[in-house]
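Novice: Once you've had a glance at the structure underneath, I'll fire off some questions.
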Amino acid sequence: MTTNSSTAARRTHARWFPILTLVAIGTMINYLDRTVLGIAAPFLSKDLQLDPTQMGLVFSAFSWSYALLQIPGGIFLDRYGTRLTYFVAVTFWSFFTAMMGAVHSLWGLVATRVGIGIFEAPCYPANSRVLATWFPQNERARANGIYSVGQYAGLGFLSVPLFWLTAQFGWRGLFFIVGGIGIVFGVVWWIYYRNLDESTIVNQAEKDYIEAGGGGDYKGEPVRFRWDLIRKLLAHRQILGASIGQFGGNSTLVFFVTWFPTYLVTARGMSFIKAGFMASMPYIAASVGVLLGGIVSDMILKRTGSANLARKLPIVGGMLLASTIIAANYVPVDNNVLVIAIMSIAFFGQGMTNLGWTVVSDVAPKKLIGLTGGIFNFSANLAGIVTPLVIGITLKMTGSFVGPLIYIGVVALIGAFSYSVVLGDIKRLEIDTDN
């Protein structure tokens with residue numbers, strides 16, 4: 001029940017449940033749908049007779065449309081709002097995931113992966129908008145960490161069941177099952193998600209608390225897109241630095257959600273089921289990194305009042321840890337425990353870099369959160385185009401994962417430099433949208 005005074009009732013917690021819960025589940029399904037191909041790849045590539053370069057092409061195809069549709073997706077989000085955008089996105093990306101189970105050729109796989117990329121494009125800008133709307137600044141990193149656990153925990157805790165489903169029902173059955181779950185969630189989202197001003201389960205006390213901390217709905221007219229708005233945003237070092245930095249961090253993530261299971265099976269000689277168990281460890285470590293990064297960031301912000309220190313320290317530290325993936329090249333083939341430990345440390349660090357989305361929530365102009373998130377995610381997901389192709393081509397040329405792991409480590413170091421030096425002060429930007 002809504003009250004008229006912030007002192008008349010104890011503050012509700014609608015921002016945590018159901019709002020953040022819905023975002024966390026949606027994010028988990030998002031990553032299941034984009035990464036389930038990595039689980040199916042050893043069987044799928046054999047059945048369809050695809051070589052490493054062709055599989056690199058398939059892995060990369062998702063990011064062609066995902067990256068290119070970031071800005072249009074952000075424009076759609078700013079125009080039509082979070083509820084409709086997310087419903088359309090999750091329903092259709094899940095449909096294309098299910099359709100992957102029906103393809104019989106390389107180009108059929110490419111087409112369905114492009115379809116998934118198109119409709120997943122607005123998801124993270126929408127998540128950023130939810131954070132900026134429903135949470136005060138001093139809770140955003142923690143909220144970001146909680147919902148982001150879904151993108152790692154989905155495969156971390158579900159890797160073994162997913163490998164088992166593949167063994168029981170085949171790779172086609174795996175796509176049908178995962179896609180169907182997403183379509184059902186789309187209906188759940190439509191029923192339960194509301195904007196802050198439209199919600200009937202948030203009271204005035206919680207709303208006042210959110211708005212006092214810099215949250216709340218944007219109440220102005222939707223901004224019509226103009227190309228010069230992109231130029232104006234990129235003229236600020238905050239947007240440019242975060243975008244370059246996240247490319248570095250996202251390259252590590254892309255390796256784990258595409259080539260990692262194949263790396264364990266081919267380079268490390270693990271059985272399919274053992275690879276499923278071993279693959280879960282780095283994802284669990286990344287889940288811990290996401291949560292710890294968010295908690296530490298908000299703790300530093302509370303104690304120091306410095307957004308620069310609170311956001312940059314965990315992100316840069318995480319990217320330095322991600323660069324240690326190179327050390328896996330020097331581990332003997334029979335020492336699986338050590339290589340998984342190295343991979344877990346690297347992915348733990350990458351999990352901390354997910355705070356980049358909190359930076360976007362902190363700096364984006366309220367009227368342009370969707371567009372800002374689109375620019376940021378476009379830059380970050382260029383890694384999704386480049387990384388699978390670099391790995392696939394290098395693997396075919398050398399027959400080894402040594403070069404690909406060096407590449408992942410180097411771009412992580414570039415990301416650390418960008419966040420620490422290029423980014424500048426973390427503060428809410430004001431953009432003139434009238435001229």
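Chain identifiers are assigned as A, B, and so on, following the order in which chains appear in the structure tokens; residues are numbered from 1 within each chain, and ligands are numbered from 1 in order of appearance.
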Taking 5 positions as the minimum chain separation for residues in the same chain, which residues sit within 9 Å of Ile239 (chain A) when counting only C-alpha atoms? Answer as a list in words.

Specialist: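 Final neighbour list, sorted by chain and number: Leu233, Leu234, Ile244, Val360, Val363, Ala364, Thr372, Ile375, Phe376 and Leu423 of chain A.
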
Novice: Write out as CSV a residue-level contact list of region 102-170 of chain A versus region 209-217 of chain A with cut-off 10 Å: for each qualifying residue the closest pair of atoms and the distance in Å to one decimal, counting only C-alpha atoms, rows sorted by chain and residue number upward.

Specialist:
```
residue,atom,partner,partner_atom,distance
A:Arg129,CA,A:Asp217,CA,9.2
A:Val130,CA,A:Asp217,CA,9.3
A:Leu131,CA,A:Gly215,CA,8.0
A:Ala132,CA,A:Gly215,CA,5.5
A:Thr133,CA,A:Gly216,CA,4.4
A:Trp134,CA,A:Gly215,CA,6.0
A:Phe135,CA,A:Gly215,CA,5.5
A:Pro136,CA,A:Gly213,CA,4.2
A:Gln137,CA,A:Gly213,CA,5.7
A:Asn138,CA,A:Gly213,CA,7.2
A:Glu139,CA,A:Gly213,CA,9.0
A:Arg140,CA,A:Gly215,CA,9.7
```

Novice: I want to know what sits within 12 Å of region 225-230 of chain A, based on only C-alpha atoms, with residues of the same chain fewer than 5 positions away left out; could you give that as JSON, numbers by chain?

Specialist: {"A": [71, 72, 73, 74, 75, 76, 77, 78, 79, 235, 236, 239, 240, 365, 367, 368, 369, 370, 371, 372, 373, 374, 375, 376, 430, 431, 432, 433, 434, 435]}

Novice: Produce a file of the selected residues containing N, CA and C atoms, as a CSV table (one decimal), in the first residue's frame.

Specialist:
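And here's part_3.csv as it stands now:
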```
chain,number,residue,atom,x,y,z
A,71,ILE,N,23.3,0.6,-30.3
A,71,ILE,CA,22.8,1.9,-30.3
A,71,ILE,C,21.3,2.0,-30.7
A,72,PRO,N,20.9,1.3,-31.8
A,72,PRO,CA,19.4,1.2,-32.1
A,72,PRO,C,18.6,0.7,-30.9
A,73,GLY,N,19.2,-0.3,-30.2
A,73,GLY,CA,18.5,-0.9,-29.1
A,73,GLY,C,18.4,0.1,-27.9
A,74,GLY,N,19.4,0.9,-27.7
A,74,GLY,CA,19.4,2.0,-26.7
A,74,GLY,C,18.4,3.0,-27.1
A,75,ILE,N,18.3,3.4,-28.4
A,75,ILE,CA,17.3,4.4,-28.8
A,75,ILE,C,15.9,3.8,-28.6
A,76,PHE,N,15.6,2.6,-28.9
A,76,PHE,CA,14.3,1.9,-28.7
A,76,PHE,C,14.0,2.0,-27.2
A,77,LEU,N,15.0,1.7,-26.4
A,77,LEU,CA,14.8,1.7,-24.9
A,77,LEU,C,14.4,3.1,-24.4
A,78,ASP,N,15.1,4.1,-24.8
A,78,ASP,CA,14.8,5.4,-24.4
A,78,ASP,C,13.4,5.9,-24.9
A,79,ARG,N,13.0,5.3,-26.0
A,79,ARG,CA,11.7,5.7,-26.6
A,79,ARG,C,10.5,5.0,-26.0
A,235,ALA,N,32.6,12.7,-26.7
A,235,ALA,CA,33.5,13.8,-26.4
A,235,ALA,C,33.9,13.8,-24.9
A,236,HIS,N,33.1,13.1,-24.1
A,236,HIS,CA,33.5,13.0,-22.7
A,236,HIS,C,34.3,11.8,-22.4
A,239,ILE,N,32.9,8.4,-21.0
A,239,ILE,CA,32.2,7.4,-21.9
A,239,ILE,C,33.3,6.7,-22.7
A,240,LEU,N,34.3,7.4,-23.2
A,240,LEU,CA,35.3,6.8,-24.1
A,240,LEU,C,36.2,5.9,-23.2
A,365,PRO,N,23.8,10.6,-18.7
A,365,PRO,CA,22.8,11.6,-18.5
A,365,PRO,C,21.4,10.8,-18.4
A,367,LYS,N,18.5,11.4,-19.3
A,367,LYS,CA,17.6,11.3,-20.5
A,367,LYS,C,18.2,10.5,-21.6
A,368,LEU,N,19.4,10.1,-21.4
A,368,LEU,CA,20.1,9.3,-22.5
A,368,LEU,C,20.8,8.0,-21.9
A,369,ILE,N,20.2,7.4,-20.9
A,369,ILE,CA,20.8,6.2,-20.3
A,369,ILE,C,20.8,5.1,-21.4
A,370,GLY,N,19.7,4.9,-22.1
A,370,GLY,CA,19.7,3.9,-23.1
A,370,GLY,C,20.8,4.0,-24.2
A,371,LEU,N,20.9,5.2,-24.7
A,371,LEU,CA,21.9,5.5,-25.8
A,371,LEU,C,23.3,5.4,-25.2
A,372,THR,N,23.5,5.9,-24.0
A,372,THR,CA,24.9,5.8,-23.4
A,372,THR,C,25.2,4.3,-23.2
A,373,GLY,N,24.3,3.5,-22.6
A,373,GLY,CA,24.5,2.1,-22.4
A,373,GLY,C,24.8,1.4,-23.8
A,374,GLY,N,24.1,1.8,-24.8
A,374,GLY,CA,24.3,1.2,-26.1
A,374,GLY,C,25.7,1.5,-26.7
A,375,ILE,N,26.2,2.7,-26.5
A,375,ILE,CA,27.5,3.0,-27.0
A,375,ILE,C,28.5,2.2,-26.2
A,376,PHE,N,28.4,2.1,-24.9
A,376,PHE,CA,29.3,1.4,-24.0
A,376,PHE,C,29.3,-0.1,-24.4
A,430,GLU,N,26.0,16.0,-18.0
A,430,GLU,CA,24.9,16.8,-18.5
A,430,GLU,C,25.2,17.0,-20.0
A,431,ILE,N,24.2,16.6,-20.8
A,431,ILE,CA,24.4,16.8,-22.3
A,431,ILE,C,23.2,17.7,-22.8
A,432,ASP,N,23.6,18.7,-23.6
A,432,ASP,CA,22.6,19.5,-24.2
A,432,ASP,C,22.0,18.8,-25.4
A,433,THR,N,20.7,18.4,-25.2
A,433,THR,CA,20.0,17.6,-26.3
A,433,THR,C,19.2,18.5,-27.2
A,434,ASP,N,19.2,19.8,-26.9
A,434,ASP,CA,18.3,20.7,-27.7
A,434,ASP,C,19.0,21.3,-28.9
A,435,ASN,N,20.4,21.3,-28.9
A,435,ASN,CA,21.1,21.9,-30.0
A,435,ASN,C,22.1,20.9,-30.6
```

Novice: For the atom pair CA of Ser60 (chain A) and CA of Thr27 (chain A), what is the interatomic distance in Å to one decimal place?

Specialist: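 Atom-to-atom, CA of Ser60 (chain A) and CA of Thr27 (chain A) are spaced 20.1 Å apart.
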
Novice: Please report as a tab-separated table every residue of region 338-380 of chain A lying within 8 Å of region 305-312 of chain A, along with the nearest atom pair and their distance in Å (one decimal), using only C-alpha atoms.

Specialist:
```
residue	atom	partner	partner_atom	distance
A:Leu355	CA	A:Arg311	CA	6.9
A:Gly356	CA	A:Arg311	CA	7.9
A:Thr358	CA	A:Arg311	CA	7.8
A:Val359	CA	A:Arg311	CA	6.9
```

Novice: Go through A:Leu48, A:Leu174, A:Ala67, A:Ala346 and flag the residue nearest Met100 (chain A), using only C-alpha atoms for the distances.

Specialist: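 Under the stated criterion, the closest residue is A:Leu174.
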
Novice: Just give me the gap between CA of Ala328 (chain A) and CA of Gly249 (chain A) in Å, one decimal is fine.

Specialist: 17.8 Å

Novice: So how far away is CA of Trp357 (chain A) from CA of Ser243 (chain A), in Å?

Specialist: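 Separation of CA of Ser243 (chain A) and CA of Trp357 (chain A): 10.2 Å.
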
Novice: Return as a tab-separated table the residues of region 207-260 of chain A lying at most 7 Å from region 407-414 of chain A, together with the closest atom-to-atom pair for each and the distance in Å to one decimal, counting only C-alpha atoms, with rows in chain order and ascending residue number.

Specialist:
```
residue	atom	partner	partner_atom	distance
A:Gly248	CA	A:Ala412	CA	4.4
A:Gly249	CA	A:Ala412	CA	5.4
A:Ser251	CA	A:Ile408	CA	6.2
A:Thr252	CA	A:Ile408	CA	5.8
```

Novice: For the interface of region 163-253 of chain A with region 40-45 of chain A (cut-off 10 Å, counting only C-alpha atoms), please tabulate each contacting residue of region 163-253 of chain A alongside its nearest pair of atoms and their separation in Å to one decimal, rows sorted by chain and increasing number, as a Markdown table.

Specialist:
```
| residue | atom | partner | partner_atom | distance |
| --- | --- | --- | --- | --- |
| A:Phe163 | CA | A:Ala40 | CA | 8.0 |
| A:Thr166 | CA | A:Ala40 | CA | 7.0 |
| A:Ala167 | CA | A:Phe43 | CA | 9.4 |
| A:Gly170 | CA | A:Phe43 | CA | 8.2 |
| A:Trp171 | CA | A:Ala40 | CA | 5.4 |
| A:Arg172 | CA | A:Ala40 | CA | 8.5 |
| A:Leu174 | CA | A:Ala40 | CA | 7.9 |
| A:Phe175 | CA | A:Ala40 | CA | 8.7 |
```

Novice: Could you pull the residues within 6 Å of Gly179 (chain A), counting only C-alpha atoms, minus those fewer than 3 positions along the same chain, as a list in words?

Specialist: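 After dropping sequence-adjacent residues, the list is Ser94, Phe95, Thr97, Ala98, Phe175, Phe176 and Gly182 of chain A.
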
Novice: Could you list, as a PyMOL selection string, every residue within 10 Å of region 50-59 of chain A, counting only C-alpha atoms and ignoring same-chain residues fewer than 3 positions away?

Specialist: chain A and resi 34-35+37-38+41-42+44-47+62-64+105-114+254+257-259+262+384-397+399

Novice: Using only C-alpha atoms, please write the residues we just selected to a file, as a PDB file, in the first residue's frame.

Specialist:
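Below is the file that was written, out_11.pdb:
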```
ATOM      1  CA  ARG A  34      24.256 -16.802 -25.777  1.00  0.00           C
ATOM      2  CA  THR A  35      26.685 -19.342 -24.259  1.00  0.00           C
ATOM      3  CA  LEU A  37      26.470 -22.961 -27.960  1.00  0.00           C
ATOM      4  CA  GLY A  38      29.795 -23.398 -26.155  1.00  0.00           C
ATOM      5  CA  ALA A  41      30.034 -27.065 -29.703  1.00  0.00           C
ATOM      6  CA  PRO A  42      32.045 -30.327 -29.386  1.00  0.00           C
ATOM      7  CA  LEU A  44      27.526 -29.853 -32.905  1.00  0.00           C
ATOM      8  CA  SER A  45      30.785 -29.245 -34.775  1.00  0.00           C
ATOM      9  CA  LYS A  46      31.233 -32.990 -35.259  1.00  0.00           C
ATOM     10  CA  ASP A  47      27.670 -33.576 -36.509  1.00  0.00           C
ATOM     11  CA  PHE A  62      26.194 -13.398 -32.339  1.00  0.00           C
ATOM     12  CA  SER A  63      28.270 -10.290 -31.750  1.00  0.00           C
ATOM     13  CA  TRP A  64      27.874  -8.955 -35.296  1.00  0.00           C
ATOM     14  CA  SER A 105      24.045 -26.095 -41.858  1.00  0.00           C
ATOM     15  CA  LEU A 106      26.723 -23.548 -41.058  1.00  0.00           C
ATOM     16  CA  TRP A 107      24.653 -20.683 -42.424  1.00  0.00           C
ATOM     17  CA  GLY A 108      21.580 -21.796 -40.507  1.00  0.00           C
ATOM     18  CA  LEU A 109      23.625 -21.553 -37.322  1.00  0.00           C
ATOM     19  CA  VAL A 110      24.949 -18.142 -38.322  1.00  0.00           C
ATOM     20  CA  ALA A 111      21.430 -16.854 -39.047  1.00  0.00           C
ATOM     21  CA  THR A 112      20.015 -17.976 -35.699  1.00  0.00           C
ATOM     22  CA  ARG A 113      23.000 -16.578 -33.818  1.00  0.00           C
ATOM     23  CA  VAL A 114      22.503 -13.246 -35.568  1.00  0.00           C
ATOM     24  CA  VAL A 254      34.058 -13.974 -24.501  1.00  0.00           C
ATOM     25  CA  VAL A 257      31.550 -18.311 -22.976  1.00  0.00           C
ATOM     26  CA  THR A 258      32.721 -19.541 -26.378  1.00  0.00           C
ATOM     27  CA  TRP A 259      35.990 -21.480 -26.634  1.00  0.00           C
ATOM     28  CA  THR A 262      36.565 -26.737 -26.390  1.00  0.00           C
ATOM     29  CA  GLY A 384      32.637 -10.605 -29.128  1.00  0.00           C
ATOM     30  CA  ILE A 385      33.339 -10.185 -32.847  1.00  0.00           C
ATOM     31  CA  VAL A 386      37.111 -10.039 -32.675  1.00  0.00           C
ATOM     32  CA  THR A 387      37.961 -12.572 -29.965  1.00  0.00           C
ATOM     33  CA  PRO A 388      36.262 -15.725 -31.353  1.00  0.00           C
ATOM     34  CA  LEU A 389      37.721 -15.060 -34.795  1.00  0.00           C
ATOM     35  CA  VAL A 390      41.240 -14.412 -33.448  1.00  0.00           C
ATOM     36  CA  ILE A 391      41.080 -17.635 -31.445  1.00  0.00           C
ATOM     37  CA  GLY A 392      39.585 -19.700 -34.278  1.00  0.00           C
ATOM     38  CA  ILE A 393      42.037 -18.498 -36.920  1.00  0.00           C
ATOM     39  CA  THR A 394      45.064 -18.769 -34.603  1.00  0.00           C
ATOM     40  CA  LEU A 395      43.996 -22.233 -33.460  1.00  0.00           C
ATOM     41  CA  LYS A 396      43.670 -23.462 -37.049  1.00  0.00           C
ATOM     42  CA  MET A 397      47.049 -21.969 -38.023  1.00  0.00           C
ATOM     43  CA  GLY A 399      46.976 -25.979 -33.524  1.00  0.00           C
TER      44      GLY A 399
END
```

Novice: Set the distance at 8 Å and use only C-alpha atoms: which residues neighbour Ser297 (chain A) once local chain neighbours fewer than 2 positions away are removed? I'd like the list as a VMD selection string.

Specialist: chain A and resid 141 to 142 293 to 295 299 to 301 310 to 311 314

Novice: Mind writing the picked residues with C-alpha atoms as a CSV table (one decimal), in the first residue's frame?

Specialist:
```csv
chain,number,residue,atom,x,y,z
A,141,ALA,CA,27.4,-1.5,-7.3
A,142,ARG,CA,25.9,-4.1,-5.0
A,293,GLY,CA,33.3,-6.4,-6.5
A,294,GLY,CA,29.9,-4.8,-5.9
A,295,ILE,CA,30.1,-5.1,-2.1
A,299,MET,CA,31.7,-0.1,0.9
A,300,ILE,CA,34.5,2.1,-0.4
A,301,LEU,CA,32.0,4.7,-1.6
A,310,ALA,CA,35.1,2.9,-5.3
A,311,ARG,CA,34.6,2.0,-8.9
A,314,PRO,CA,37.9,-3.1,-8.1
```

Novice: Please list as a list in words every residue within 8 Å of Phe92 (chain A), counting only C-alpha atoms and excluding residues in the same chain fewer than 5 positions away.

Specialist: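 Once the adjacent positions are removed, what remains is Ile116, Phe119 and Ile183 of chain A.
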
Novice: Return as a PyMOL selection string the full set of residues in region 270-369 of chain A whose backbone-based DSSP assignment is alpha helix (DSSP H).

Specialist: chain A and resi 272-304+307-322+336-352+356-363+369

Novice: Okay, now the selection with C-alpha atoms, as a compact mmCIF listing (two decimals), in the first residue's frame?

Specialist:
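Saved to part.txt:
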```txt
# COMPACT_ATOMS: atom_id res chain seq x y z
CA PHE A 272 33.10 -34.30 -22.11
CA ILE A 273 31.50 -34.80 -18.68
CA LYS A 274 34.72 -34.00 -16.80
CA ALA A 275 35.04 -30.83 -18.87
CA GLY A 276 31.53 -29.90 -17.77
CA PHE A 277 32.50 -30.27 -14.12
CA MET A 278 35.81 -28.44 -14.51
CA ALA A 279 34.22 -25.64 -16.56
CA SER A 280 31.89 -24.84 -13.67
CA MET A 281 34.74 -23.82 -11.35
CA PRO A 282 35.83 -20.61 -13.13
CA TYR A 283 32.17 -19.57 -13.53
CA ILE A 284 31.60 -19.99 -9.80
CA ALA A 285 34.77 -17.96 -9.17
CA ALA A 286 33.48 -15.24 -11.51
CA SER A 287 30.19 -15.20 -9.59
CA VAL A 288 32.12 -14.55 -6.39
CA GLY A 289 34.11 -11.83 -8.17
CA VAL A 290 30.94 -10.08 -9.30
CA LEU A 291 29.42 -10.10 -5.82
CA LEU A 292 32.62 -9.15 -4.03
CA GLY A 293 33.34 -6.36 -6.49
CA GLY A 294 29.91 -4.83 -5.90
CA ILE A 295 30.09 -5.12 -2.11
CA VAL A 296 33.63 -3.71 -1.93
CA SER A 297 32.78 -0.86 -4.31
CA ASP A 298 29.76 0.32 -2.31
CA MET A 299 31.72 -0.10 0.95
CA ILE A 300 34.54 2.11 -0.36
CA LEU A 301 32.00 4.66 -1.61
CA LYS A 302 30.29 4.77 1.78
CA ARG A 303 33.55 5.20 3.70
CA THR A 304 35.37 7.61 1.39
CA ALA A 307 33.18 7.28 -6.69
CA ASN A 308 36.54 7.30 -8.49
CA LEU A 309 38.21 5.12 -5.86
CA ALA A 310 35.14 2.95 -5.27
CA ARG A 311 34.60 2.05 -8.93
CA LYS A 312 38.12 2.12 -10.39
CA LEU A 313 39.99 0.13 -7.73
CA PRO A 314 37.95 -3.10 -8.09
CA ILE A 315 37.73 -2.83 -11.89
CA VAL A 316 41.44 -2.24 -12.49
CA GLY A 317 42.40 -4.87 -9.93
CA GLY A 318 40.06 -7.32 -11.64
CA MET A 319 41.59 -6.72 -15.06
CA LEU A 320 45.08 -7.27 -13.70
CA LEU A 321 43.91 -10.62 -12.33
CA ALA A 322 42.26 -11.45 -15.68
CA ASN A 336 44.32 -30.04 -14.68
CA VAL A 337 43.94 -28.78 -11.11
CA LEU A 338 46.48 -25.98 -11.59
CA VAL A 339 45.13 -24.87 -14.95
CA ILE A 340 41.59 -24.66 -13.56
CA ALA A 341 42.95 -22.66 -10.60
CA ILE A 342 44.57 -20.18 -12.99
CA MET A 343 41.43 -19.95 -15.09
CA SER A 344 39.35 -19.42 -11.94
CA ILE A 345 41.59 -16.55 -10.78
CA ALA A 346 41.38 -14.93 -14.22
CA PHE A 347 37.61 -15.27 -14.44
CA PHE A 348 37.22 -14.09 -10.82
CA GLY A 349 39.02 -10.91 -11.86
CA GLN A 350 36.89 -10.54 -14.97
CA GLY A 351 33.79 -10.80 -12.80
CA MET A 352 34.90 -7.72 -10.89
CA GLY A 356 31.73 -1.06 -15.62
CA TRP A 357 27.94 -1.10 -15.87
CA THR A 358 27.75 0.67 -12.51
CA VAL A 359 30.06 3.33 -13.93
CA VAL A 360 27.61 3.79 -16.81
CA SER A 361 24.72 4.13 -14.35
CA ASP A 362 26.74 6.77 -12.47
CA VAL A 363 27.83 8.90 -15.45
CA ILE A 369 20.76 6.22 -20.33
```
